[in-house]
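Raw model27.pdb, PDB, C-alpha atoms:
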ATOM      1  CA  MET A   1      77.206  79.136 114.652
ATOM      2  CA  ILE A   2      77.464  80.121 110.989
ATOM      3  CA  ASN A   3      77.036  83.802 110.243
ATOM      4  CA  PRO A   4      75.291  84.195 106.848
ATOM      5  CA  GLU A   5      76.275  87.874 106.605
ATOM      6  CA  LYS A   6      79.981  87.031 106.914
ATOM      7  CA  ASN A   7      79.642  84.356 104.207
ATOM      8  CA  LYS A   8      77.916  86.880 101.935
ATOM      9  CA  VAL A   9      80.741  89.395 102.413
ATOM     10  CA  ASP A  10      83.381  86.717 101.821
ATOM     11  CA  ALA A  11      81.623  85.603  98.630
ATOM     12  CA  ARG A  12      81.410  89.193  97.341
ATOM     13  CA  GLU A  13      85.092  89.757  98.068
ATOM     14  CA  HIS A  14      86.074  86.537  96.315
ATOM     15  CA  LEU A  15      83.958  87.381  93.256
ATOM     16  CA  ALA A  16      85.465  90.887  93.094
ATOM     17  CA  ASN A  17      88.970  89.400  93.210
ATOM     18  CA  GLU A  18      88.018  86.988  90.455
ATOM     19  CA  ARG A  19      86.656  89.785  88.235
ATOM     20  CA  THR A  20      89.875  91.756  88.750
ATOM     21  CA  PHE A  21      91.954  88.691  87.886
ATOM     22  CA  LEU A  22      89.956  88.105  84.703
ATOM     23  CA  ALA A  23      90.307  91.772  83.730
ATOM     24  CA  TRP A  24      94.084  91.510  84.084
ATOM     25  CA  MET A  25      94.031  88.319  82.021
ATOM     26  CA  ARG A  26      92.087  90.052  79.212
ATOM     27  CA  THR A  27      94.499  92.973  79.297
ATOM     28  CA  SER A  28      97.585  90.774  79.161
ATOM     29  CA  ILE A  29      96.162  88.719  76.286
ATOM     30  CA  GLY A  30      95.487  91.964  74.434
ATOM     31  CA  ILE A  31      99.048  93.156  75.016
ATOM     32  CA  MET A  32     100.462  89.859  73.763
ATOM     33  CA  ALA A  33      98.203  89.916  70.702
ATOM     34  CA  PHE A  34      99.345  93.450  69.910
ATOM     35  CA  GLY A  35     102.959  92.235  70.106
ATOM     36  CA  PHE A  36     102.213  89.550  67.526
ATOM     37  CA  VAL A  37     100.494  92.116  65.304
ATOM     38  CA  VAL A  38     103.524  94.423  65.432
ATOM     39  CA  VAL A  39     105.838  91.636  64.300
ATOM     40  CA  LYS A  40     103.481  90.383  61.584
ATOM     41  CA  PHE A  41     102.863  93.899  60.251
ATOM     42  CA  ALA A  42     106.609  94.450  59.848
ATOM     43  CA  LEU A  43     106.851  91.227  57.853
ATOM     44  CA  PHE A  44     103.832  92.271  55.771
ATOM     45  CA  VAL A  45     105.364  95.651  54.906
ATOM     46  CA  LYS A  46     108.640  93.970  53.980
ATOM     47  CA  GLN A  47     106.852  91.519  51.671
ATOM     48  CA  ILE A  48     104.801  94.259  50.016
ATOM     49  CA  SER A  49     107.920  96.300  49.303
ATOM     50  CA  MET A  50     109.598  93.217  47.816
ATOM     51  CA  MET A  51     106.550  92.502  45.638
ATOM     52  CA  LEU A  52     106.610  96.053  44.322
ATOM     53  CA  GLY A  53     110.282  95.629  43.518
ATOM     54  CA  LYS A  54     111.299  98.508  45.697
ATOM     55  CA  GLU A  55     113.488  97.166  48.455
ATOM     56  CA  ASN A  56     113.992 100.610  49.996
ATOM     57  CA  LEU A  57     110.351 101.668  49.923
ATOM     58  CA  ILE A  58     110.137 101.604  53.716
ATOM     59  CA  HIS A  59     113.242 102.465  55.701
ATOM     60  CA  SER A  60     112.985  99.925  58.482
ATOM     61  CA  THR A  61     115.320 100.035  61.456
ATOM     62  CA  GLY A  62     114.408  96.492  62.490
ATOM     63  CA  TYR A  63     113.030  97.361  65.909
ATOM     64  CA  SER A  64     109.574  95.940  65.301
ATOM     65  CA  GLY A  65     110.680  92.404  66.164
ATOM     66  CA  VAL A  66     112.208  93.588  69.421
ATOM     67  CA  VAL A  67     109.130  95.670  70.265
ATOM     68  CA  GLY A  68     106.859  92.691  69.547
ATOM     69  CA  ILE A  69     108.910  90.375  71.738
ATOM     70  CA  VAL A  70     108.919  92.954  74.537
ATOM     71  CA  LEU A  71     105.131  93.317  74.315
ATOM     72  CA  VAL A  72     104.609  89.550  74.438
ATOM     73  CA  SER A  73     106.975  89.341  77.413
ATOM     74  CA  VAL A  74     105.168  92.155  79.238
ATOM     75  CA  GLY A  75     101.875  90.345  78.663
ATOM     76  CA  ALA A  76     103.298  87.095  80.026
ATOM     77  CA  VAL A  77     104.668  88.861  83.108
ATOM     78  CA  ALA A  78     101.262  90.492  83.646
ATOM     79  CA  VAL A  79      99.613  87.048  83.565
ATOM     80  CA  VAL A  80     102.020  85.696  86.164
ATOM     81  CA  LEU A  81     101.724  88.734  88.435
ATOM     82  CA  SER A  82      97.932  88.758  88.229
ATOM     83  CA  PHE A  83      97.831  85.078  89.176
ATOM     84  CA  ILE A  84     100.133  85.684  92.134
ATOM     85  CA  LYS A  85      97.990  88.614  93.271
ATOM     86  CA  TYR A  86      94.808  86.555  92.874
ATOM     87  CA  LYS A  87      96.159  83.720  95.013
TER      88      LYS A  87
END

Please render this file's structure as structure tokens.
Amino acid sequence: MINPEKNKVDAREHLANERTFLAWMRTSIGIMAFGFVVVKFALFVKQISMMLGKENLIHSTGYSGVVGIVLVSVGAVAVVLSFIKYK
């Protein structure tokens, strides 16, 4: 005998898990996009200083590329972990 109440609870639980998974996916995509923005902004600032003819306008330590790569990596790990948790 099929219990419709149990099916309703199972469906609600599955949909809640799916919403959580999609929220983690949105968050990880945002983190990865921010990583790309960090790297591109560093390149933009470097080009602007070169166009102005002032190479030392911004004292850059060169960490923006590393920070961007770390952010993209953290986003990718979040995608993988959220998928594992969802399954």

So how many Å separate atom CA of A:Ile29 and atom CA of A:Val80, to one decimal?
11.9 Å

Got a sec to resolve the PyMOL selection byres ((chain A and resi 73) around 12) on this structure and send the residues as an MDAnalysis selection string?
chainID A and resid 28:29 31:36 66:72 74:80

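Computed from the coordinates, the atom CA of A:Val45 to atom CA of A:Gly30 distance equals 22.2 Å.
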
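The spacing separating atom CA of A:Leu22 from atom CA of A:Ser82 amounts to 8.7 Å.
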
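Taken over the shown file, the PyMOL selection byres ((chain A and resi 87) around 12) identifies A:His14, A:Asn17, A:Glu18, A:Thr20, A:Phe21, A:Val80, A:Leu81, A:Ser82, A:Phe83, A:Ile84, A:Lys85, A:Tyr86.
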
Non-local contacts of A:Leu43 (12 Å; all atoms listed in the file; under 4 positions in same chain excluded) as JSON, numbers by chain:
{"A": [36, 37, 38, 39, 47, 48, 49, 50, 58, 60, 62, 63, 64, 65, 68]}

Preceding selection exported with C-alpha atoms as a PDB file, in the frame of the given file:
ATOM      1  CA  PHE A  36     102.213  89.550  67.526  1.00  0.00           C
ATOM      2  CA  VAL A  37     100.494  92.116  65.304  1.00  0.00           C
ATOM      3  CA  VAL A  38     103.524  94.423  65.432  1.00  0.00           C
ATOM      4  CA  VAL A  39     105.838  91.636  64.300  1.00  0.00           C
ATOM      5  CA  GLN A  47     106.852  91.519  51.671  1.00  0.00           C
ATOM      6  CA  ILE A  48     104.801  94.259  50.016  1.00  0.00           C
ATOM      7  CA  SER A  49     107.920  96.300  49.303  1.00  0.00           C
ATOM      8  CA  MET A  50     109.598  93.217  47.816  1.00  0.00           C
ATOM      9  CA  ILE A  58     110.137 101.604  53.716  1.00  0.00           C
ATOM     10  CA  SER A  60     112.985  99.925  58.482  1.00  0.00           C
ATOM     11  CA  GLY A  62     114.408  96.492  62.490  1.00  0.00           C
ATOM     12  CA  TYR A  63     113.030  97.361  65.909  1.00  0.00           C
ATOM     13  CA  SER A  64     109.574  95.940  65.301  1.00  0.00           C
ATOM     14  CA  GLY A  65     110.680  92.404  66.164  1.00  0.00           C
ATOM     15  CA  GLY A  68     106.859  92.691  69.547  1.00  0.00           C
TER      16      GLY A  68
END

Box centre and edge lengths (Å, one decimal), axis-aligned, stretch 73-80 of chain A plus 8 Å each side, as JSON:
{"center_x": 103.3, "center_y": 88.9, "center_z": 81.8, "size_x": 23.4, "size_y": 22.5, "size_z": 24.8}
